[in-house]
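A.B. asks: So I've got this file, entry.pdb, and it contains PDB, C-alpha atoms and all ligand atoms:
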```
ATOM      1  CA  MET V  21       0.000   0.000   0.000  1.00  0.00           C
ATOM      2  CA  LEU V  22       1.217   3.521  -0.808  1.00  0.00           C
ATOM      3  CA  GLU V  23       0.681   6.492   1.490  1.00  0.00           C
ATOM      4  CA  VAL V  24      -0.247   9.392  -0.831  1.00  0.00           C
ATOM      5  CA  ILE V  25      -0.493  12.993   0.332  1.00  0.00           C
ATOM      6  CA  VAL V  26      -2.302  15.221  -2.165  1.00  0.00           C
ATOM      7  CA  GLN V  27      -2.498  19.009  -2.089  1.00  0.00           C
ATOM      8  CA  ARG V  28      -6.086  20.209  -2.431  1.00  0.00           C
ATOM      9  CA  GLY V  29      -7.843  23.541  -2.851  1.00  0.00           C
ATOM     10  CA  THR V  30      -6.537  26.731  -4.422  1.00  0.00           C
ATOM     11  CA  THR V  31      -3.602  29.109  -4.056  1.00  0.00           C
ATOM     12  CA  GLU V  32      -5.585  31.102  -1.505  1.00  0.00           C
ATOM     13  CA  ALA V  33      -6.921  28.158   0.516  1.00  0.00           C
ATOM     14  CA  SER V  34      -5.017  24.894   0.358  1.00  0.00           C
ATOM     15  CA  ARG V  35      -4.861  21.775   2.500  1.00  0.00           C
ATOM     16  CA  THR V  36      -3.554  18.243   2.130  1.00  0.00           C
ATOM     17  CA  ASP V  37      -5.519  14.985   2.054  1.00  0.00           C
ATOM     18  CA  ARG V  38      -4.074  11.538   2.756  1.00  0.00           C
ATOM     19  CA  PHE V  39      -5.027   8.455   0.737  1.00  0.00           C
ATOM     20  CA  ASP V  40      -4.011   4.781   0.950  1.00  0.00           C
ATOM     21  CA  VAL V  41      -3.522   3.549  -2.610  1.00  0.00           C
ATOM     22  CA  PRO V  42      -2.876  -0.084  -3.618  1.00  0.00           C
ATOM     23  CA  ALA V  43       0.638  -0.504  -5.043  1.00  0.00           C
ATOM     24  CA  ARG V  44       0.776  -2.155  -8.480  1.00  0.00           C
ATOM     25  CA  ASP V  45       3.508  -3.289 -10.848  1.00  0.00           C
ATOM     26  CA  SER V  46       4.579  -0.671 -13.434  1.00  0.00           C
ATOM     27  CA  GLN V  47       2.309   1.891 -11.756  1.00  0.00           C
ATOM     28  CA  THR V  48       2.767   5.520 -12.794  1.00  0.00           C
ATOM     29  CA  VAL V  49       2.069   8.556 -10.634  1.00  0.00           C
ATOM     30  CA  LEU V  50      -0.776   9.407 -13.020  1.00  0.00           C
ATOM     31  CA  ASP V  51      -2.225   5.931 -12.339  1.00  0.00           C
ATOM     32  CA  VAL V  52      -2.155   6.762  -8.610  1.00  0.00           C
ATOM     33  CA  VAL V  53      -3.981  10.078  -9.072  1.00  0.00           C
ATOM     34  CA  THR V  54      -6.524   8.446 -11.384  1.00  0.00           C
ATOM     35  CA  TRP V  55      -7.146   5.618  -8.888  1.00  0.00           C
ATOM     36  CA  ILE V  56      -7.823   8.162  -6.113  1.00  0.00           C
ATOM     37  CA  GLN V  57     -10.309  10.049  -8.280  1.00  0.00           C
ATOM     38  CA  GLN V  58     -12.088   6.936  -9.542  1.00  0.00           C
ATOM     39  CA  ALA V  59     -12.107   4.869  -6.333  1.00  0.00           C
ATOM     40  CA  VAL V  60     -12.177   7.361  -3.459  1.00  0.00           C
ATOM     41  CA  ASP V  61     -12.785  11.024  -4.284  1.00  0.00           C
ATOM     42  CA  PRO V  62     -14.408  11.989  -7.611  1.00  0.00           C
ATOM     43  CA  THR V  63     -13.987  15.691  -6.739  1.00  0.00           C
ATOM     44  CA  LEU V  64     -10.193  15.501  -7.119  1.00  0.00           C
ATOM     45  CA  SER V  65      -9.194  17.715 -10.075  1.00  0.00           C
ATOM     46  CA  TYR V  66      -6.156  17.069 -12.282  1.00  0.00           C
ATOM     47  CA  ARG V  67      -5.169  17.256 -15.959  1.00  0.00           C
ATOM     48  CA  PHE V  68      -3.985  14.669 -18.418  1.00  0.00           C
ATOM     49  CA  SER V  69      -4.618  13.775 -22.033  1.00  0.00           C
ATOM     50  CA  CYS V  70      -2.255  11.573 -24.012  1.00  0.00           C
ATOM     51  CA  ARG V  71      -0.752   9.370 -21.219  1.00  0.00           C
ATOM     52  CA  VAL V  72       2.342   8.849 -23.392  1.00  0.00           C
ATOM     53  CA  GLY V  73       4.499  11.929 -22.818  1.00  0.00           C
ATOM     54  CA  MET V  74       3.314  13.910 -25.821  1.00  0.00           C
ATOM     55  CA  CYS V  75       0.786  16.527 -24.682  1.00  0.00           C
ATOM     56  CA  GLY V  76       2.557  17.942 -21.617  1.00  0.00           C
ATOM     57  CA  SER V  77      -0.641  18.389 -19.597  1.00  0.00           C
ATOM     58  CA  CYS V  78       0.003  16.005 -16.685  1.00  0.00           C
ATOM     59  CA  ALA V  79       2.968  17.690 -14.973  1.00  0.00           C
ATOM     60  CA  MET V  80       2.863  17.964 -11.165  1.00  0.00           C
ATOM     61  CA  MET V  81       5.244  18.243  -8.220  1.00  0.00           C
ATOM     62  CA  ILE V  82       6.129  14.766  -6.926  1.00  0.00           C
ATOM     63  CA  ASN V  83       7.930  14.714  -3.589  1.00  0.00           C
ATOM     64  CA  GLY V  84       8.955  18.308  -4.334  1.00  0.00           C
ATOM     65  CA  VAL V  85      10.241  17.690  -7.879  1.00  0.00           C
ATOM     66  CA  PRO V  86       8.393  18.675 -11.093  1.00  0.00           C
ATOM     67  CA  ARG V  87       7.716  15.646 -13.309  1.00  0.00           C
ATOM     68  CA  TRP V  88       5.450  14.398 -16.109  1.00  0.00           C
ATOM     69  CA  THR V  89       3.281  12.006 -14.152  1.00  0.00           C
ATOM     70  CA  CYS V  90       2.245   9.733 -17.037  1.00  0.00           C
ATOM     71  CA  ARG V  91       5.872   8.743 -17.665  1.00  0.00           C
ATOM     72  CA  THR V  92       7.015   8.663 -14.024  1.00  0.00           C
ATOM     73  CA  HIS V  93       6.898   5.237 -12.435  1.00  0.00           C
ATOM     74  CA  VAL V  94       6.101   5.213  -8.732  1.00  0.00           C
ATOM     75  CA  SER V  95       9.005   2.849  -8.083  1.00  0.00           C
ATOM     76  CA  ARG V  96      11.444   5.577  -9.238  1.00  0.00           C
ATOM     77  CA  VAL V  97      10.169   8.337  -6.970  1.00  0.00           C
ATOM     78  CA  VAL V  98       8.460   6.792  -3.925  1.00  0.00           C
ATOM     79  CA  GLN V  99      10.183   7.541  -0.612  1.00  0.00           C
ATOM     80  CA  ASN V 100       9.563   5.111   2.279  1.00  0.00           C
ATOM     81  CA  GLY V 101       6.245   4.076   0.725  1.00  0.00           C
ATOM     82  CA  ARG V 102       5.097   7.700   0.546  1.00  0.00           C
ATOM     83  CA  LEU V 103       4.275  10.085  -2.331  1.00  0.00           C
ATOM     84  CA  GLU V 104       3.552  13.773  -1.931  1.00  0.00           C
ATOM     85  CA  ILE V 105       1.699  15.149  -4.966  1.00  0.00           C
ATOM     86  CA  ALA V 106       1.149  18.878  -5.493  1.00  0.00           C
ATOM     87  CA  PRO V 107       0.373  21.242  -8.396  1.00  0.00           C
ATOM     88  CA  LEU V 108       3.238  22.731 -10.420  1.00  0.00           C
ATOM     89  CA  ARG V 109       5.232  25.386  -8.586  1.00  0.00           C
ATOM     90  CA  ASN V 110       5.352  29.041  -9.757  1.00  0.00           C
ATOM     91  CA  LEU V 111       1.790  29.042 -11.147  1.00  0.00           C
ATOM     92  CA  PRO V 112      -1.575  29.954  -9.587  1.00  0.00           C
ATOM     93  CA  VAL V 113      -3.654  26.950  -8.551  1.00  0.00           C
ATOM     94  CA  ILE V 114      -7.182  26.783  -9.959  1.00  0.00           C
ATOM     95  CA  LYS V 115      -8.152  23.663  -8.012  1.00  0.00           C
ATOM     96  CA  ASP V 116      -6.244  20.762  -6.473  1.00  0.00           C
ATOM     97  CA  LEU V 117      -3.623  19.667  -9.042  1.00  0.00           C
ATOM     98  CA  VAL V 118      -4.787  21.994 -11.830  1.00  0.00           C
ATOM     99  CA  THR V 119      -2.727  25.135 -12.351  1.00  0.00           C
ATOM    100  CA  ASP V 120      -3.621  28.223 -14.345  1.00  0.00           C
ATOM    101  CA  MET V 121      -1.263  28.091 -17.359  1.00  0.00           C
ATOM    102  CA  ASP V 122      -2.147  31.594 -18.594  1.00  0.00           C
ATOM    103  CA  PRO V 123       0.884  33.310 -16.995  1.00  0.00           C
ATOM    104  CA  PHE V 124       3.126  30.657 -18.596  1.00  0.00           C
ATOM    105  CA  PHE V 125       1.755  31.186 -22.120  1.00  0.00           C
ATOM    106  CA  ASP V 126       1.386  34.966 -21.718  1.00  0.00           C
ATOM    107  CA  LYS V 127       5.166  34.992 -21.357  1.00  0.00           C
ATOM    108  CA  TRP V 128       5.573  33.156 -24.679  1.00  0.00           C
ATOM    109  CA  VAL V 129       3.670  36.033 -26.285  1.00  0.00           C
ATOM    110  CA  ALA V 130       5.720  38.624 -24.356  1.00  0.00           C
ATOM    111  CA  ALA V 131       8.931  36.963 -25.599  1.00  0.00           C
ATOM    112  CA  GLU V 132       7.654  37.134 -29.221  1.00  0.00           C
ATOM    113  CA  ALA V 133       7.944  33.348 -29.082  1.00  0.00           C
ATOM    114  CA  ARG V 134       5.395  32.857 -31.853  1.00  0.00           C
ATOM    115  CA  HIS V 135       5.995  32.526 -35.552  1.00  0.00           C
ATOM    116  CA  HIS V 136       6.135  35.708 -37.629  1.00  0.00           C
ATOM    117  CA  PRO V 137       5.867  34.411 -41.206  1.00  0.00           C
ATOM    118  CA  THR V 138       7.941  35.731 -44.082  1.00  0.00           C
ATOM    119  CA  ARG V 139       5.274  34.655 -46.583  1.00  0.00           C
ATOM    120  CA  GLY V 140       1.519  35.069 -46.851  1.00  0.00           C
ATOM    121  CA  ARG V 141      -1.015  32.352 -46.044  1.00  0.00           C
ATOM    122  CA  LEU V 142      -1.433  31.320 -49.687  1.00  0.00           C
ATOM    123  CA  GLU V 143       2.253  31.413 -50.615  1.00  0.00           C
ATOM    124  CA  ASP V 144       4.616  28.464 -50.385  1.00  0.00           C
ATOM    125  CA  SER V 145       6.903  28.661 -47.359  1.00  0.00           C
ATOM    126  CA  ASP V 146      10.657  29.013 -47.798  1.00  0.00           C
ATOM    127  CA  PRO V 147      12.476  25.699 -48.154  1.00  0.00           C
ATOM    128  CA  ILE V 148      14.686  24.684 -45.210  1.00  0.00           C
ATOM    129  CA  THR V 149      17.941  22.843 -45.845  1.00  0.00           C
ATOM    130  CA  ALA V 150      17.886  19.763 -43.653  1.00  0.00           C
ATOM    131  CA  ASN V 151      21.524  19.934 -42.561  1.00  0.00           C
ATOM    132  CA  SER V 152      22.003  23.691 -42.259  1.00  0.00           C
ATOM    133  CA  PRO V 153      23.563  24.969 -38.973  1.00  0.00           C
ATOM    134  CA  ASP V 154      20.526  27.169 -38.286  1.00  0.00           C
ATOM    135  CA  ARG V 155      18.219  24.197 -38.732  1.00  0.00           C
ATOM    136  CA  ALA V 156      20.346  22.144 -36.327  1.00  0.00           C
ATOM    137  CA  GLU V 157      20.193  24.910 -33.712  1.00  0.00           C
ATOM    138  CA  ALA V 158      16.429  25.310 -34.087  1.00  0.00           C
ATOM    139  CA  ASP V 159      15.943  21.536 -33.890  1.00  0.00           C
ATOM    140  CA  LEU V 160      17.539  21.386 -30.435  1.00  0.00           C
ATOM    141  CA  GLY V 161      14.458  22.977 -28.887  1.00  0.00           C
ATOM    142  CA  ILE V 162      11.722  21.733 -31.177  1.00  0.00           C
ATOM    143  CA  GLU V 163      10.673  18.823 -28.933  1.00  0.00           C
ATOM    144  CA  CYS V 164       9.343  21.117 -26.185  1.00  0.00           C
ATOM    145  CA  ILE V 165       5.878  19.866 -25.166  1.00  0.00           C
ATOM    146  CA  ASN V 166       4.951  22.987 -23.136  1.00  0.00           C
ATOM    147  CA  CYS V 167       4.581  20.964 -19.946  1.00  0.00           C
ATOM    148  CA  GLY V 168       5.759  23.802 -17.670  1.00  0.00           C
ATOM    149  CA  ILE V 169       8.223  21.584 -15.783  1.00  0.00           C
ATOM    150  CA  CYS V 170      11.193  23.879 -16.478  1.00  0.00           C
ATOM    151  CA  TYR V 171       9.099  26.866 -15.393  1.00  0.00           C
ATOM    152  CA  ALA V 172       8.185  25.124 -12.129  1.00  0.00           C
ATOM    153  CA  ALA V 173      11.804  24.098 -11.541  1.00  0.00           C
ATOM    154  CA  CYS V 174      13.233  27.584 -12.090  1.00  0.00           C
ATOM    155  CA  ASP V 175      14.266  29.446  -8.925  1.00  0.00           C
ATOM    156  CA  THR V 176      14.609  32.673 -10.928  1.00  0.00           C
ATOM    157  CA  VAL V 177      10.911  32.495 -11.842  1.00  0.00           C
ATOM    158  CA  ALA V 178      10.146  31.815  -8.164  1.00  0.00           C
ATOM    159  CA  GLY V 179      12.064  34.923  -7.107  1.00  0.00           C
ATOM    160  CA  ASN V 180      11.083  37.193 -10.009  1.00  0.00           C
ATOM    161  CA  PRO V 181       7.540  36.708 -11.341  1.00  0.00           C
ATOM    162  CA  GLU V 182       8.319  39.022 -14.290  1.00  0.00           C
ATOM    163  CA  TYR V 183      11.015  36.692 -15.612  1.00  0.00           C
ATOM    164  CA  LEU V 184       9.875  35.182 -18.915  1.00  0.00           C
ATOM    165  CA  GLY V 185      11.171  31.755 -17.934  1.00  0.00           C
ATOM    166  CA  PRO V 186      13.037  28.959 -19.693  1.00  0.00           C
ATOM    167  CA  ALA V 187      10.292  27.632 -21.989  1.00  0.00           C
ATOM    168  CA  ALA V 188       9.335  30.981 -23.550  1.00  0.00           C
ATOM    169  CA  LEU V 189      12.979  31.966 -23.972  1.00  0.00           C
ATOM    170  CA  GLN V 190      13.887  28.641 -25.532  1.00  0.00           C
ATOM    171  CA  ARG V 191      11.036  29.013 -28.019  1.00  0.00           C
ATOM    172  CA  ALA V 192      12.223  32.547 -28.818  1.00  0.00           C
ATOM    173  CA  TRP V 193      15.702  31.116 -29.488  1.00  0.00           C
ATOM    174  CA  THR V 194      14.253  28.446 -31.774  1.00  0.00           C
ATOM    175  CA  LEU V 195      12.431  31.095 -33.822  1.00  0.00           C
ATOM    176  CA  LEU V 196      15.462  33.376 -33.869  1.00  0.00           C
ATOM    177  CA  ASN V 197      17.298  30.535 -35.621  1.00  0.00           C
ATOM    178  CA  ASP V 198      14.457  29.806 -38.033  1.00  0.00           C
ATOM    179  CA  SER V 199      15.086  31.469 -41.396  1.00  0.00           C
ATOM    180  CA  ARG V 200      11.304  31.492 -42.015  1.00  0.00           C
ATOM    181  CA  ASP V 201      10.764  33.905 -39.099  1.00  0.00           C
ATOM    182  CA  ALA V 202      10.595  37.586 -40.068  1.00  0.00           C
ATOM    183  CA  ASN V 203      10.918  39.272 -36.684  1.00  0.00           C
ATOM    184  CA  ARG V 204      14.481  38.704 -35.529  1.00  0.00           C
ATOM    185  CA  SER V 205      14.862  42.260 -34.217  1.00  0.00           C
ATOM    186  CA  GLY V 206      11.488  42.065 -32.450  1.00  0.00           C
ATOM    187  CA  ILE V 207      12.474  38.831 -30.700  1.00  0.00           C
ATOM    188  CA  LEU V 208      15.811  40.289 -29.580  1.00  0.00           C
ATOM    189  CA  ALA V 209      14.080  43.410 -28.245  1.00  0.00           C
ATOM    190  CA  ALA V 210      11.477  41.326 -26.388  1.00  0.00           C
ATOM    191  CA  VAL V 211      13.970  38.999 -24.692  1.00  0.00           C
ATOM    192  CA  SER V 212      16.403  41.743 -23.671  1.00  0.00           C
ATOM    193  CA  GLY V 213      13.776  43.665 -21.656  1.00  0.00           C
ATOM    194  CA  LYS V 214      13.088  43.774 -17.942  1.00  0.00           C
ATOM    195  CA  GLY V 215      12.026  40.143 -17.499  1.00  0.00           C
ATOM    196  CA  GLY V 216      14.294  38.865 -20.247  1.00  0.00           C
ATOM    197  CA  CYS V 217      17.165  36.459 -20.746  1.00  0.00           C
ATOM    198  CA  HIS V 218      19.717  38.436 -18.727  1.00  0.00           C
ATOM    199  CA  ASN V 219      17.814  37.545 -15.537  1.00  0.00           C
ATOM    200  CA  CYS V 220      18.886  33.908 -15.924  1.00  0.00           C
ATOM    201  CA  HIS V 221      21.506  32.913 -13.332  1.00  0.00           C
ATOM    202  CA  SER V 222      22.423  29.712 -15.231  1.00  0.00           C
ATOM    203  CA  MET V 223      21.445  27.480 -12.324  1.00  0.00           C
ATOM    204  CA  GLY V 224      20.375  24.813 -14.803  1.00  0.00           C
ATOM    205  CA  SER V 225      17.257  23.418 -13.104  1.00  0.00           C
ATOM    206  CA  CYS V 226      15.450  23.716 -16.460  1.00  0.00           C
ATOM    207  CA  ALA V 227      17.931  21.399 -18.144  1.00  0.00           C
ATOM    208  CA  GLN V 228      18.077  19.086 -15.124  1.00  0.00           C
ATOM    209  CA  TYR V 229      14.327  18.430 -15.003  1.00  0.00           C
ATOM    210  CA  CYS V 230      13.196  18.761 -18.650  1.00  0.00           C
ATOM    211  CA  PRO V 231      11.549  15.380 -19.356  1.00  0.00           C
ATOM    212  CA  ASN V 232      12.628  15.551 -23.009  1.00  0.00           C
ATOM    213  CA  ALA V 233      16.262  16.256 -22.092  1.00  0.00           C
ATOM    214  CA  LEU V 234      16.217  19.717 -23.696  1.00  0.00           C
ATOM    215  CA  ASN V 235      18.586  22.423 -22.496  1.00  0.00           C
ATOM    216  CA  PRO V 236      16.820  25.794 -22.205  1.00  0.00           C
ATOM    217  CA  MET V 237      19.823  27.193 -20.323  1.00  0.00           C
ATOM    218  CA  ARG V 238      21.906  26.753 -23.479  1.00  0.00           C
ATOM    219  CA  ALA V 239      19.231  28.518 -25.545  1.00  0.00           C
ATOM    220  CA  ILE V 240      19.134  31.385 -23.037  1.00  0.00           C
ATOM    221  CA  ALA V 241      22.924  31.682 -23.250  1.00  0.00           C
ATOM    222  CA  GLY V 242      22.505  32.036 -27.024  1.00  0.00           C
ATOM    223  CA  LEU V 243      19.943  34.805 -26.536  1.00  0.00           C
ATOM    224  CA  LYS V 244      22.267  36.619 -24.119  1.00  0.00           C
ATOM    225  CA  ARG V 245      25.021  36.452 -26.724  1.00  0.00           C
ATOM    226  CA  GLU V 246      22.821  37.686 -29.584  1.00  0.00           C
ATOM    227  CA  THR V 247      21.229  40.511 -27.563  1.00  0.00           C
ATOM    228  CA  VAL V 248      24.676  41.808 -26.582  1.00  0.00           C
ATOM    229  CA  LYS V 249      25.841  41.622 -30.213  1.00  0.00           C
ATOM    230  CA  ALA V 250      22.719  43.535 -31.319  1.00  0.00           C
ATOM    231  CA  ALA V 251      23.350  46.233 -28.681  1.00  0.00           C
ATOM    232  CA  LEU V 252      26.959  46.610 -29.827  1.00  0.00           C
ATOM    233  CA  ARG V 253      25.818  46.881 -33.457  1.00  0.00           C
ATOM    234  CA  ARG V 254      23.318  49.593 -32.516  1.00  0.00           C
ATOM    235  CA  LYS V 255      26.026  51.501 -30.658  1.00  0.00           C
ATOM    236  CA  ARG V 256      28.431  51.218 -33.601  1.00  0.00           C
ATOM    237  CA  ASP V 257      25.801  52.392 -36.089  1.00  0.00           C
ATOM    238  CA  ALA V 258      24.520  55.275 -33.948  1.00  0.00           C
TER     239      ALA V 258
HETATM  240  S1  LIG H 301      -0.663  12.933 -20.239  1.00  0.00           S
HETATM  241 FE1  LIG H 301       0.283  13.825 -22.009  1.00  0.00          FE
HETATM  242  S2  LIG H 301       2.344  14.146 -21.359  1.00  0.00           S
HETATM  243 FE2  LIG H 301       1.419  13.104 -19.683  1.00  0.00          FE
END
```
How does this structure look as structure tokens?
C.D. replies:
Amino acid sequence: MLEVIVQRGTTEASRTDRFDVPARDSQTVLDVVTWIQQAVDPTLSYRFSCRVGMCGSCAMMINGVPRWTCRTHVSRVVQNGRLEIAPLRNLPVIKDLVTDMDPFFDKWVAAEARHHPTRGRLEDSDPITANSPDRAEADLGIECINCGICYAACDTVAGNPEYLGPAALQRAWTLLNDSRDANRSGILAAVSGKGGCHNCHSMGSCAQYCPNALNPMRAIAGLKRETVKAALRRKRDA
């Protein structure tokens, strides 16, 4: 039997509930949460969709560490027969294990981390050479599933709510290296502002906990480099 402590309620009013959950072979943390909701407490709220590590919706804090719960086996994370399950850190809690992702995605918009096309809707897009250096750089971040784990792991986000965070900055870096994106200067301006890339202290929690083994810290280092180069160019041309 597993002893499972689950955070309930909202940011303003939270509590913990304790559940005894039967241990099973190959059981994931998402299986545990689902068993609680189906067998004991149907009011428990949580998110999931794909169950195979694709959609990024099932991330939670497990014994204090952000993880994708559908791909996290209990046997890897249980401590003395006990699991503590809480909503993702650094985000408002709507209810129980469900966080409000709006602040996370608002920062993608603030970082200009959305595609700015070079061609119109009815025109063919520019061809991309498969083995070009830019394509290789952009590919390093393309597997982000927007799970919010890096954002929850980041102590800079915890200490500075204005910081854009690792996921938005990594996406901005991916677009900066995409020759089909037409707003390079806009991206550099957005990520060099008050909450931008220069807030990163290179602690590396984003890279440590990313379930897809991406390295947002490396992308942020690239943004720091390019924003400094752009500032020097502006100074030279002034
Ligand atoms: S349910 Fe889709 S990533 Fe876990």
A.B. asks: Compare V:Ser152, V:Cys78, V:Phe125, V:Val53 by their minimum atom-to-atom distance to V:Ile105, counting only C-alpha atoms, and give me the closest one.
C.D. replies: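 Using only C-alpha atoms, V:Ile105 sits closest to V:Val53.
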A.B. asks: Residues of chain V within 7 Å of ligand LIG 301 (chain H): nearest atom pair and distance (Å, one decimal) for each, counting only C-alpha atoms and all ligand atoms, sorted by chain and number, as JSON lines?
C.D. replies:
```
{"residue": "V:Phe68", "atom": "CA", "partner": "H:LIG301", "partner_atom": "S1", "distance": 4.2}
{"residue": "V:Ser69", "atom": "CA", "partner": "H:LIG301", "partner_atom": "S1", "distance": 4.4}
{"residue": "V:Cys70", "atom": "CA", "partner": "H:LIG301", "partner_atom": "FE1", "distance": 3.9}
{"residue": "V:Arg71", "atom": "CA", "partner": "H:LIG301", "partner_atom": "S1", "distance": 3.7}
{"residue": "V:Val72", "atom": "CA", "partner": "H:LIG301", "partner_atom": "FE1", "distance": 5.6}
{"residue": "V:Gly73", "atom": "CA", "partner": "H:LIG301", "partner_atom": "S2", "distance": 3.4}
{"residue": "V:Met74", "atom": "CA", "partner": "H:LIG301", "partner_atom": "S2", "distance": 4.6}
{"residue": "V:Cys75", "atom": "CA", "partner": "H:LIG301", "partner_atom": "FE1", "distance": 3.8}
{"residue": "V:Gly76", "atom": "CA", "partner": "H:LIG301", "partner_atom": "S2", "distance": 3.8}
{"residue": "V:Ser77", "atom": "CA", "partner": "H:LIG301", "partner_atom": "FE1", "distance": 5.2}
{"residue": "V:Cys78", "atom": "CA", "partner": "H:LIG301", "partner_atom": "FE2", "distance": 4.4}
{"residue": "V:Ala79", "atom": "CA", "partner": "H:LIG301", "partner_atom": "FE2", "distance": 6.8}
{"residue": "V:Trp88", "atom": "CA", "partner": "H:LIG301", "partner_atom": "FE2", "distance": 5.5}
{"residue": "V:Thr89", "atom": "CA", "partner": "H:LIG301", "partner_atom": "FE2", "distance": 5.9}
{"residue": "V:Cys90", "atom": "CA", "partner": "H:LIG301", "partner_atom": "FE2", "distance": 4.4}
{"residue": "V:Arg91", "atom": "CA", "partner": "H:LIG301", "partner_atom": "FE2", "distance": 6.6}
```
A.B. asks: Just the selected residues (C-alpha atoms), exported as a PDB file, in the frame of the given file, please.
C.D. replies:
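Wrote out_30.pdb, looks like this:
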```
ATOM      1  CA  PHE V  68      -3.985  14.669 -18.418  1.00  0.00           C
ATOM      2  CA  SER V  69      -4.618  13.775 -22.033  1.00  0.00           C
ATOM      3  CA  CYS V  70      -2.255  11.573 -24.012  1.00  0.00           C
ATOM      4  CA  ARG V  71      -0.752   9.370 -21.219  1.00  0.00           C
ATOM      5  CA  VAL V  72       2.342   8.849 -23.392  1.00  0.00           C
ATOM      6  CA  GLY V  73       4.499  11.929 -22.818  1.00  0.00           C
ATOM      7  CA  MET V  74       3.314  13.910 -25.821  1.00  0.00           C
ATOM      8  CA  CYS V  75       0.786  16.527 -24.682  1.00  0.00           C
ATOM      9  CA  GLY V  76       2.557  17.942 -21.617  1.00  0.00           C
ATOM     10  CA  SER V  77      -0.641  18.389 -19.597  1.00  0.00           C
ATOM     11  CA  CYS V  78       0.003  16.005 -16.685  1.00  0.00           C
ATOM     12  CA  ALA V  79       2.968  17.690 -14.973  1.00  0.00           C
ATOM     13  CA  TRP V  88       5.450  14.398 -16.109  1.00  0.00           C
ATOM     14  CA  THR V  89       3.281  12.006 -14.152  1.00  0.00           C
ATOM     15  CA  CYS V  90       2.245   9.733 -17.037  1.00  0.00           C
ATOM     16  CA  ARG V  91       5.872   8.743 -17.665  1.00  0.00           C
TER      17      ARG V  91
END
```
A.B. asks: Can you pull out the residues contacting V:Ser65? Cut-off 9 Å, using all atoms listed in the file, and skip same-chain residues under 2 positions away; I want them as a PyMOL selection string.
C.D. replies: chain V and resi 28+57+62-63+67+115-118
A.B. asks: Atom CA of V:Leu22 and atom CA of V:Phe39 are how many Å apart?
C.D. replies: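 Distance between the two atoms: 8.1 Å.
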A.B. asks: To one decimal place in Å, what is the distance between atom CA of V:Ser222 and atom CA of V:Ile240?
C.D. replies: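 Going from atom CA of V:Ser222 over to atom CA of V:Ile240, I get 8.6 Å.
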A.B. asks: I'd like to see the residues matched by the PyMOL selection byres (((chain V and resi 172-177) around 8) and not hetatm) on this file, and ideally I'd get them as an mmCIF file with C-alpha atoms, in the frame of the given file.
C.D. replies:
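Output file out.cif follows:
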```
data_model
loop_
_atom_site.group_PDB
_atom_site.id
_atom_site.type_symbol
_atom_site.label_atom_id
_atom_site.label_comp_id
_atom_site.auth_asym_id
_atom_site.auth_seq_id
_atom_site.Cartn_x
_atom_site.Cartn_y
_atom_site.Cartn_z
ATOM 1 C CA VAL V 85 10.241 17.690 -7.879
ATOM 2 C CA PRO V 86 8.393 18.675 -11.093
ATOM 3 C CA LEU V 108 3.238 22.731 -10.420
ATOM 4 C CA ARG V 109 5.232 25.386 -8.586
ATOM 5 C CA ASN V 110 5.352 29.041 -9.757
ATOM 6 C CA LEU V 111 1.790 29.042 -11.147
ATOM 7 C CA GLY V 168 5.759 23.802 -17.670
ATOM 8 C CA ILE V 169 8.223 21.584 -15.783
ATOM 9 C CA CYS V 170 11.193 23.879 -16.478
ATOM 10 C CA TYR V 171 9.099 26.866 -15.393
ATOM 11 C CA ALA V 178 10.146 31.815 -8.164
ATOM 12 C CA GLY V 179 12.064 34.923 -7.107
ATOM 13 C CA ASN V 180 11.083 37.193 -10.009
ATOM 14 C CA PRO V 181 7.540 36.708 -11.341
ATOM 15 C CA GLU V 182 8.319 39.022 -14.290
ATOM 16 C CA TYR V 183 11.015 36.692 -15.612
ATOM 17 C CA LEU V 184 9.875 35.182 -18.915
ATOM 18 C CA GLY V 185 11.171 31.755 -17.934
ATOM 19 C CA PRO V 186 13.037 28.959 -19.693
ATOM 20 C CA ASN V 219 17.814 37.545 -15.537
ATOM 21 C CA CYS V 220 18.886 33.908 -15.924
ATOM 22 C CA HIS V 221 21.506 32.913 -13.332
ATOM 23 C CA SER V 225 17.257 23.418 -13.104
ATOM 24 C CA CYS V 226 15.450 23.716 -16.460
ATOM 25 C CA TYR V 229 14.327 18.430 -15.003
#
```
A.B. asks: Care to translate the PyMOL selection byres (((chain V and resi 31) around 6) and not hetatm) into actual residues of this file, as a list of chain:residue names?
C.D. replies: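 Checked against the file, the PyMOL selection byres (((chain V and resi 31) around 6) and not hetatm) matches V:Thr30, V:Glu32, V:Ala33, V:Pro112, V:Val113.
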A.B. asks: Separation of atom CA of V:Ser145 and atom CA of V:Leu160, in Å?
C.D. replies: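 Computed distance, atom CA of V:Ser145 to atom CA of V:Leu160, equals 21.3 Å.
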A.B. asks: Running the PyMOL selection byres (((chain V and resi 246) around 12) and not hetatm) on this model by hand, what would come out? Give it as a compact mmCIF listing (two decimals) with C-alpha atoms, in the coordinates of the input.
C.D. replies:
```txt
# COMPACT_ATOMS: atom_id res chain seq x y z
CA ALA V 192 12.22 32.55 -28.82
CA TRP V 193 15.70 31.12 -29.49
CA LEU V 196 15.46 33.38 -33.87
CA ASN V 197 17.30 30.54 -35.62
CA ARG V 204 14.48 38.70 -35.53
CA SER V 205 14.86 42.26 -34.22
CA ILE V 207 12.47 38.83 -30.70
CA LEU V 208 15.81 40.29 -29.58
CA ALA V 209 14.08 43.41 -28.24
CA VAL V 211 13.97 39.00 -24.69
CA SER V 212 16.40 41.74 -23.67
CA CYS V 217 17.16 36.46 -20.75
CA HIS V 218 19.72 38.44 -18.73
CA ALA V 239 19.23 28.52 -25.54
CA ILE V 240 19.13 31.38 -23.04
CA ALA V 241 22.92 31.68 -23.25
CA GLY V 242 22.50 32.04 -27.02
CA LEU V 243 19.94 34.80 -26.54
CA LYS V 244 22.27 36.62 -24.12
CA ARG V 245 25.02 36.45 -26.72
CA THR V 247 21.23 40.51 -27.56
CA VAL V 248 24.68 41.81 -26.58
CA LYS V 249 25.84 41.62 -30.21
CA ALA V 250 22.72 43.54 -31.32
CA ALA V 251 23.35 46.23 -28.68
CA LEU V 252 26.96 46.61 -29.83
CA ARG V 253 25.82 46.88 -33.46
```
